[in-house]
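This is final_4.txt. It holds compact mmCIF, C-alpha atoms and all ligand atoms.
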```txt
# COMPACT_ATOMS: atom_id res chain seq x y z
CA MET A 995 74.35 -11.32 157.84
CA SER A 996 70.66 -11.29 158.68
CA THR A 997 70.80 -9.79 162.15
CA ASP A 998 68.28 -7.10 163.08
CA GLN A 999 70.80 -4.48 164.12
CA GLU A 1000 74.37 -3.33 163.71
CA PRO A 1001 76.69 -5.91 165.28
CA LEU A 1002 78.27 -4.84 168.54
CA GLU A 1003 81.97 -4.05 168.43
CA ILE A 1004 83.97 -6.17 170.83
CA ALA A 1005 87.63 -6.14 171.79
CA PRO A 1006 89.89 -8.87 170.34
CA ASN A 1007 90.48 -10.48 173.75
CA VAL A 1008 86.72 -10.71 174.33
CA GLN A 1009 86.34 -12.26 170.89
CA GLU A 1010 89.09 -14.73 171.64
CA PHE A 1011 87.38 -15.64 174.91
CA LEU A 1012 83.99 -16.18 173.26
CA ASP A 1013 85.51 -18.23 170.44
CA SER A 1014 87.39 -20.50 172.79
CA ARG A 1015 84.61 -21.42 175.24
CA GLN A 1016 82.00 -24.08 174.61
CA THR A 1017 78.97 -23.48 176.79
CA LEU A 1018 76.81 -20.53 177.59
CA THR A 1019 74.09 -20.08 180.17
CA LEU A 1020 71.06 -18.49 178.60
CA ALA A 1021 68.30 -16.79 180.55
CA THR A 1022 64.96 -16.29 178.86
CA ALA A 1023 61.71 -15.00 180.30
CA THR A 1024 58.00 -15.29 179.70
CA PRO A 1025 56.24 -12.09 178.60
CA SER A 1026 55.26 -11.59 182.26
CA GLY A 1027 58.90 -11.89 183.32
CA ALA A 1028 59.13 -15.41 184.81
CA PRO A 1029 62.82 -16.28 184.28
CA TYR A 1030 64.32 -19.54 183.05
CA ALA A 1031 68.01 -20.38 182.60
CA THR A 1032 69.62 -23.19 180.69
CA THR A 1033 73.14 -24.16 179.60
CA LEU A 1034 73.89 -24.79 175.94
CA LEU A 1035 76.71 -25.50 173.52
CA TYR A 1036 77.33 -22.50 171.28
CA VAL A 1037 79.42 -21.18 168.42
CA SER A 1038 80.38 -17.56 167.85
CA GLU A 1039 80.83 -15.39 164.81
CA GLY A 1040 82.01 -11.97 165.87
CA PRO A 1041 79.80 -10.98 168.79
CA THR A 1042 76.91 -13.08 167.46
CA LEU A 1043 76.32 -16.37 169.25
CA TYR A 1044 74.45 -19.38 167.91
CA PHE A 1045 73.00 -22.44 169.55
CA TRP A 1046 70.59 -25.18 168.68
CA MET A 1047 67.90 -27.01 170.61
CA PRO A 1048 64.76 -29.02 170.03
CA ALA A 1049 61.93 -26.76 168.92
CA ALA A 1050 59.57 -27.85 171.69
CA THR A 1051 61.50 -26.68 174.76
CA THR A 1052 60.58 -24.11 177.41
CA THR A 1053 63.43 -21.90 176.15
CA ALA A 1054 62.25 -22.07 172.53
CA ARG A 1055 58.69 -21.28 173.65
CA HIS A 1056 59.88 -18.30 175.69
CA LEU A 1057 61.90 -16.97 172.76
CA GLU A 1058 58.89 -17.12 170.50
CA GLN A 1059 57.00 -14.90 172.94
CA ASN A 1060 59.86 -12.73 174.18
CA PRO A 1061 63.17 -12.50 172.30
CA ARG A 1062 65.02 -10.60 175.06
CA VAL A 1063 67.72 -12.73 176.67
CA SER A 1064 70.71 -12.43 178.91
CA PHE A 1065 73.63 -14.82 178.78
CA ALA A 1066 76.89 -15.67 180.49
CA VAL A 1067 79.99 -17.46 179.27
CA ASP A 1068 82.40 -17.87 182.14
CA ASP A 1069 85.32 -19.62 183.80
CA TYR A 1070 84.13 -19.39 187.36
CA SER A 1071 86.54 -20.34 190.11
CA ALA A 1072 86.48 -20.42 193.91
CA ASP A 1073 89.67 -18.41 193.53
CA LEU A 1074 88.10 -15.20 192.26
CA SER A 1075 91.41 -14.02 190.86
CA GLU A 1076 91.08 -16.74 188.21
CA THR A 1077 87.57 -15.81 187.19
CA ARG A 1078 86.91 -14.63 183.65
CA GLY A 1079 83.58 -14.23 182.01
CA ALA A 1080 81.40 -12.45 179.51
CA GLN A 1081 77.85 -11.48 180.31
CA GLY A 1082 75.50 -9.90 177.90
CA ILE A 1083 72.00 -9.01 176.91
CA GLY A 1084 70.46 -9.09 173.50
CA ASP A 1085 67.77 -10.44 171.24
CA CYS A 1086 67.49 -14.06 170.30
CA HIS A 1087 65.60 -15.39 167.29
CA VAL A 1088 65.17 -18.71 165.59
CA ILE A 1089 67.06 -18.83 162.28
CA LEU A 1090 64.81 -19.35 159.29
CA SER A 1091 67.19 -18.85 156.38
CA GLY A 1092 68.48 -22.15 155.00
CA GLU A 1093 71.73 -20.50 154.03
CA GLU A 1094 72.35 -19.22 157.57
CA ILE A 1095 71.39 -22.60 159.07
CA ALA A 1096 73.92 -24.32 156.80
CA ARG A 1097 76.64 -21.86 157.81
CA VAL A 1098 75.92 -22.23 161.52
CA ALA A 1099 75.73 -26.03 161.25
CA ASP A 1100 79.14 -25.86 159.63
CA LEU A 1101 80.50 -23.71 162.48
CA PHE A 1102 79.20 -26.32 164.94
CA GLY A 1103 80.88 -29.07 162.93
CA GLN A 1104 84.21 -27.22 163.06
CA LYS A 1105 84.04 -26.40 166.74
CA PHE A 1106 82.59 -29.72 167.92
CA PRO A 1107 83.85 -32.34 165.47
CA SER A 1108 82.80 -35.15 167.77
CA LEU A 1109 79.12 -34.17 167.69
CA ALA A 1110 77.27 -36.65 165.50
CA PRO A 1111 75.60 -34.81 162.61
CA GLY A 1112 72.24 -36.57 163.29
CA SER A 1113 69.05 -35.19 161.84
CA THR A 1114 68.49 -31.47 161.94
CA MET A 1115 64.78 -31.93 161.28
CA SER A 1116 63.63 -31.77 164.91
CA ILE A 1117 66.00 -29.04 166.07
CA SER A 1118 66.09 -25.32 165.52
CA PHE A 1119 69.10 -23.02 165.35
CA PHE A 1120 68.97 -19.73 167.21
CA ARG A 1121 70.91 -16.51 166.86
CA ILE A 1122 71.75 -14.25 169.82
CA ALA A 1123 72.50 -10.69 168.68
CA PRO A 1124 74.00 -9.03 171.77
CA THR A 1125 73.28 -5.37 172.42
CA GLU A 1126 75.70 -5.25 175.39
CA ILE A 1127 78.56 -7.45 176.45
CA GLU A 1128 80.41 -7.03 179.70
CA PHE A 1129 83.76 -8.80 180.08
CA ILE A 1130 85.29 -9.47 183.47
CA ASP A 1131 88.87 -10.67 183.64
CA ASN A 1132 90.18 -11.04 187.17
CA THR A 1133 93.35 -12.70 185.88
CA GLN A 1134 94.52 -9.32 184.61
CA THR A 1135 96.22 -6.87 186.93
CA GLY A 1136 93.65 -4.43 188.18
CA GLY A 1137 90.87 -6.96 188.22
CA SER A 1138 88.73 -6.39 185.18
CA GLU A 1139 88.49 -5.38 181.59
CA ARG A 1140 85.74 -3.56 179.99
CA SER A 1141 83.93 -3.91 176.73
CA GLY A 1142 80.59 -2.55 175.68
CA THR A 1143 78.28 -0.83 178.12
CA PHE A 1144 78.81 -1.27 181.81
CA GLY A 1145 76.71 -0.38 184.78
CA ALA A 1146 77.28 -0.28 188.51
CA GLU A 1147 77.61 -4.08 188.50
CA PHE A 1148 80.89 -3.83 186.65
CA HIS A 1149 82.28 -1.45 189.22
CA LYS A 1150 81.15 -3.68 192.04
CA ARG A 1151 82.98 -6.59 190.51
CA ARG A 1152 86.08 -4.52 190.15
CA ALA A 1153 86.04 -3.65 193.81
CA TYR A 1154 85.49 -7.29 194.78
CA SER A 1155 89.19 -7.80 194.26
CA VAL A 1156 89.52 -6.12 197.66
CA PHE A 1157 87.90 -9.20 199.17
CA MET A 1158 89.66 -11.70 196.97
CA ASP A 1159 91.22 -13.62 199.82
CA LEU A 1160 88.04 -14.11 201.75
CA PRO A 1161 86.07 -17.36 201.67
CA LEU A 1162 83.61 -17.42 198.80
CA GLN A 1163 80.59 -17.55 201.11
CA VAL A 1164 81.71 -14.37 202.84
CA VAL A 1165 82.34 -12.62 199.52
CA GLU A 1166 78.87 -13.54 198.34
CA HIS A 1167 77.38 -12.15 201.51
CA ILE A 1168 79.31 -8.90 201.16
CA THR A 1169 78.52 -8.42 197.52
CA ALA A 1170 74.83 -8.83 198.23
CA GLU A 1171 75.00 -6.03 200.79
CA LEU A 1172 77.12 -3.50 198.89
CA ARG A 1173 75.42 -0.29 197.83
CA THR A 1174 76.79 2.20 195.29
CA VAL A 1175 76.94 5.88 196.26
CA HIS A 1176 78.34 8.92 194.49
CA ALA A 1177 80.21 11.79 196.10
CA ALA A 1178 80.44 15.18 194.43
CA ALA A 1179 83.77 17.04 194.30
CA ASP A 1180 84.51 18.51 197.73
CA GLU A 1181 81.88 16.41 199.49
CA VAL A 1182 82.93 15.11 202.91
CA VAL A 1183 82.14 11.40 203.02
CA ALA A 1184 83.38 10.74 206.55
CA ARG A 1185 83.93 13.42 209.17
CA GLN A 1186 86.53 13.20 211.93
CA ALA A 1187 85.17 12.77 215.46
CA THR A 1188 81.69 11.73 214.31
CA PRO A 1189 80.17 8.24 214.86
CA ALA A 1190 80.89 5.61 212.22
CA ASP A 1191 77.96 4.08 210.43
CA ARG A 1192 79.56 2.55 207.35
CA PHE A 1193 82.64 1.14 205.69
CA LEU A 1194 83.50 2.26 202.15
CA ILE A 1195 85.44 1.11 199.09
CA VAL A 1196 86.59 3.50 196.38
CA VAL A 1197 85.52 2.43 192.91
CA ASP A 1198 86.29 5.57 190.91
CA GLY A 1199 87.69 8.99 191.72
CA GLU A 1200 90.02 10.39 194.32
CA LEU A 1201 89.58 11.21 197.99
CA GLU A 1202 91.77 12.87 200.56
CA VAL A 1203 92.14 11.73 204.17
CA THR A 1204 92.84 14.60 206.56
CA ARG A 1205 93.36 14.69 210.30
CA GLU A 1206 92.84 17.73 212.42
CA GLU A 1207 94.83 18.06 215.60
CA ASP A 1208 95.45 21.12 217.75
CA GLY A 1209 93.96 23.35 215.08
CA HIS A 1210 96.21 21.96 212.30
CA THR A 1211 94.85 19.97 209.40
CA GLU A 1212 97.19 17.45 207.87
CA THR A 1213 96.61 15.34 204.78
CA VAL A 1214 97.55 11.79 205.74
CA ALA A 1215 96.58 9.86 202.62
CA THR A 1216 95.06 10.04 199.17
CA LEU A 1217 92.68 7.25 198.21
CA GLY A 1218 91.88 5.91 194.74
CA PRO A 1219 90.16 2.93 193.13
CA GLY A 1220 90.41 -0.23 195.24
CA ASP A 1221 91.24 1.59 198.48
CA LEU A 1222 89.00 1.18 201.49
CA PHE A 1223 88.27 3.38 204.46
CA GLY A 1224 85.98 3.89 207.39
CA GLU A 1225 86.93 0.61 209.07
CA MET A 1226 88.82 1.97 212.07
CA ALA A 1227 86.03 3.65 213.96
CA ILE A 1228 83.76 0.64 213.47
CA LEU A 1229 86.33 -1.85 214.68
CA LEU A 1230 87.48 0.23 217.62
CA ASP A 1231 84.04 1.51 218.49
CA ARG A 1232 85.36 5.05 218.48
CA PRO A 1233 84.53 8.22 216.54
CA ARG A 1234 86.11 8.64 213.09
CA SER A 1235 89.87 9.09 213.26
CA ALA A 1236 90.02 11.36 210.21
CA SER A 1237 87.90 13.09 207.60
CA VAL A 1238 87.62 11.79 204.07
CA ARG A 1239 86.71 14.27 201.32
CA ALA A 1240 86.19 13.67 197.61
CA VAL A 1241 88.79 15.64 195.65
CA ARG A 1242 86.79 15.01 192.48
CA PRO A 1243 83.49 13.23 191.73
CA SER A 1244 83.86 9.70 193.10
CA THR A 1245 81.95 6.44 193.16
CA LEU A 1246 81.99 4.38 196.33
CA LEU A 1247 80.61 1.11 197.59
CA VAL A 1248 79.14 1.14 201.05
CA LEU A 1249 78.80 -1.64 203.59
CA GLU A 1250 76.72 -0.82 206.65
CA ARG A 1251 78.39 -0.99 210.05
CA ASP A 1252 76.77 -4.23 211.23
CA ASP A 1253 77.48 -6.07 207.99
CA PHE A 1254 81.08 -4.95 208.15
CA ARG A 1255 81.46 -6.13 211.75
CA GLU A 1256 79.99 -9.47 210.83
CA LEU A 1257 82.38 -9.75 207.92
CA VAL A 1258 85.38 -9.07 210.09
CA ALA A 1259 84.18 -11.48 212.76
CA GLN A 1260 83.93 -14.21 210.14
CA SER A 1261 87.19 -13.51 208.39
CA LEU A 1262 89.80 -12.42 210.91
CA GLY A 1263 92.32 -15.15 211.49
CA THR A 1264 91.16 -17.09 208.46
CA THR A 1265 92.41 -14.91 205.63
CA GLY A 1266 95.63 -13.20 204.68
CA HIS A 1267 95.31 -9.88 202.95
CA PHE A 1268 92.24 -8.48 204.68
CA ASP A 1269 93.42 -9.57 208.11
CA GLN A 1270 96.82 -7.92 207.59
CA LEU A 1271 95.29 -4.77 206.27
CA ILE A 1272 92.97 -4.36 209.23
CA GLN A 1273 95.71 -5.25 211.72
CA ALA A 1274 98.15 -2.79 210.16
CA ARG A 1275 95.63 0.00 210.36
CA LEU A 1276 94.68 -0.80 213.91
CA GLU A 1277 98.32 -0.84 214.93
CA ARG A 1278 98.77 2.54 213.32
CA VAL A 1279 95.86 3.92 215.26
CA GLY A 1280 97.12 2.30 218.44
CA ALA A 1281 100.51 3.90 217.90
CA GLY A 1282 99.54 7.27 216.58
CA GLY A 1283 95.94 8.05 217.24
P1 LIG B 1301 87.66 5.76 210.34
O1 LIG B 1301 88.42 6.23 211.51
O2 LIG B 1301 86.49 4.90 210.54
O3 LIG B 1301 87.22 7.02 209.45
C1 LIG B 1301 88.24 7.77 208.78
C2 LIG B 1301 89.05 6.83 207.93
O4 LIG B 1301 90.15 7.37 207.26
C3 LIG B 1301 89.67 5.74 208.81
O5 LIG B 1301 88.66 4.94 209.37
C4 LIG B 1301 90.61 5.11 207.85
O6 LIG B 1301 89.94 4.24 206.99
C5 LIG B 1301 91.10 6.32 207.06
N1 LIG B 1301 92.42 6.72 207.55
C6 LIG B 1301 92.69 7.31 208.73
N2 LIG B 1301 94.02 7.51 208.83
C7 LIG B 1301 94.57 7.03 207.71
C8 LIG B 1301 95.91 6.95 207.22
N3 LIG B 1301 96.94 7.43 207.91
N4 LIG B 1301 96.10 6.37 206.03
C9 LIG B 1301 95.07 5.91 205.31
N5 LIG B 1301 93.81 5.95 205.72
C10 LIG B 1301 93.55 6.50 206.89
```

Write out the structure in this file as structure tokens.
Amino acid sequence: MSTDQEPLEIAPNVQEFLDSRQTLTLATATPSGAPYATTLLYVSEGPTLYFWMPAATTTARHLEQNPRVSFAVDDYSADLSETRGAQGIGDCHVILSGEEIARVADLFGQKFPSLAPGSTMSISFFRIAPTEIEFIDNTQTGGSERSGTFGAEFHKRRAYSVFMDLPLQVVEHITAELRTVHAAADEVVARQATPADRFLIVVDGELEVTREEDGHTETVATLGPGDLFGEMAILLDRPRSASVRAVRPSTLLVLERDDFRELVAQSLGTTGHFDQLIQARLERVGAGG
């Protein structure tokens, strides 16, 4: 193989996904960073992806000047629980070796038998050597799978399952507003009886919810990935009903008070899960707090 670096290792299910899809969206950029995205037919060989295109395109020109690319291969659905996709970054170069061109042309012939062979004179074949691939699989229990290097984006996606039942527009609005914060072990993230400024989702870690009453502190819940908190005081316009403390280092997503109120205003009565969750908590507060 004539790639520039060691091929990335990818999990078999990611490989199977890449092998079975047909199109990828490729984003290139000029040296000064002006982006450009296009959708292409591709073939895969391990983590390496190949495509072809006429030599005189904007994409081909960009690649000549700047080989860095990002790409996405996905099954996107309005029902986010059905969404699967691979996103990656890497280097993309035109293939010059006749032997490699012949092999890739053959891979195209096998994967797309209906494509007319035509003349390969005016087209170029390109090789994407990924340096990172992120695989999201919302069809799996727990929301996502991981392969390669992930950043905060991965965690955000994982927590999006919390909002799965909301209309897509609302989810897009929320995801644009979410901020990632980290809490050290023992850090108090929300303090009972103080004003509420934000709503939070647990991405990683463990937190303890405690209520203090008549001098006694009682642990009322333990929160882990996917759990949310801090909604009650915002919705009821009251001080915090409990304190929430990180038991160990934790990663959280934060939605500011006004964005959360807007979200609830848009979604209550129109969605199942979120509506029920909020109602159940409010009833509990009404009954007990
Ligand atoms: P809020 O009152 O805004 O701040 C403290 C949060 O702790 C509260 O919202 C809830 O999200 C959470 N909380 C309070 N009581 C419980 C409970 N019994 N079970 C789970 N979470 C709770």

Write out as a ChimeraX atom specification the residues lying within 6 Å of range 1167-1176 of chain A, counting only C-alpha atoms and excluding same-chain residues fewer than 3 positions away.
-> /A:1164,1244-1249

A:Glu1076, A:Ile1127, A:Ala1023, A:Asp1069: which is nearest Thr1052 in chain A, counting all atoms listed in the file?
-> A:Ala1023

Thr1032 in chain A: which residues within 7 Å, counting all atoms listed in the file, same-chain residues fewer than 4 positions away excluded, as a list in words?
->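 What passes the distance filter is Thr1019, Leu1020 and Ala1021 of chain A.
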
Hey, which residues come within 10 Å of ligand LIG 1301 (chain B) if we count only C-alpha atoms and all ligand atoms? Could you give them as a PyMOL selection string?
-> chain A and resi 1183-1195+1202-1205+1213-1217+1221-1239+1272+1275-1276+1278-1279+1282-1283

Find the residue from A:Ser1038, A:Ala1005, A:Ala1096, A:Asn1060 that sits nearest to Ser1026 in chain A; use only C-alpha atoms when measuring.
-> A:Asn1060

Find the residues near range 1105-1109 of chain A: any atom within 10 Å, counting all atoms listed in the file, skip ones fewer than 3 places away on the same chain, and give them as a list in words.
->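 These residues fall inside the cut-off: Asp1013, Ser1014, Arg1015, Gln1016, Leu1035, Tyr1036, Val1037, Ser1038, Ala1099, Asp1100, Leu1101, Phe1102 and Gly1112 of chain A.
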
Using all atoms listed in the file: which of A:Glu1128, A:Glu1200, A:Val1258, A:Glu1003 has the shortest distance to Ala1066 in chain A = A:Glu1128
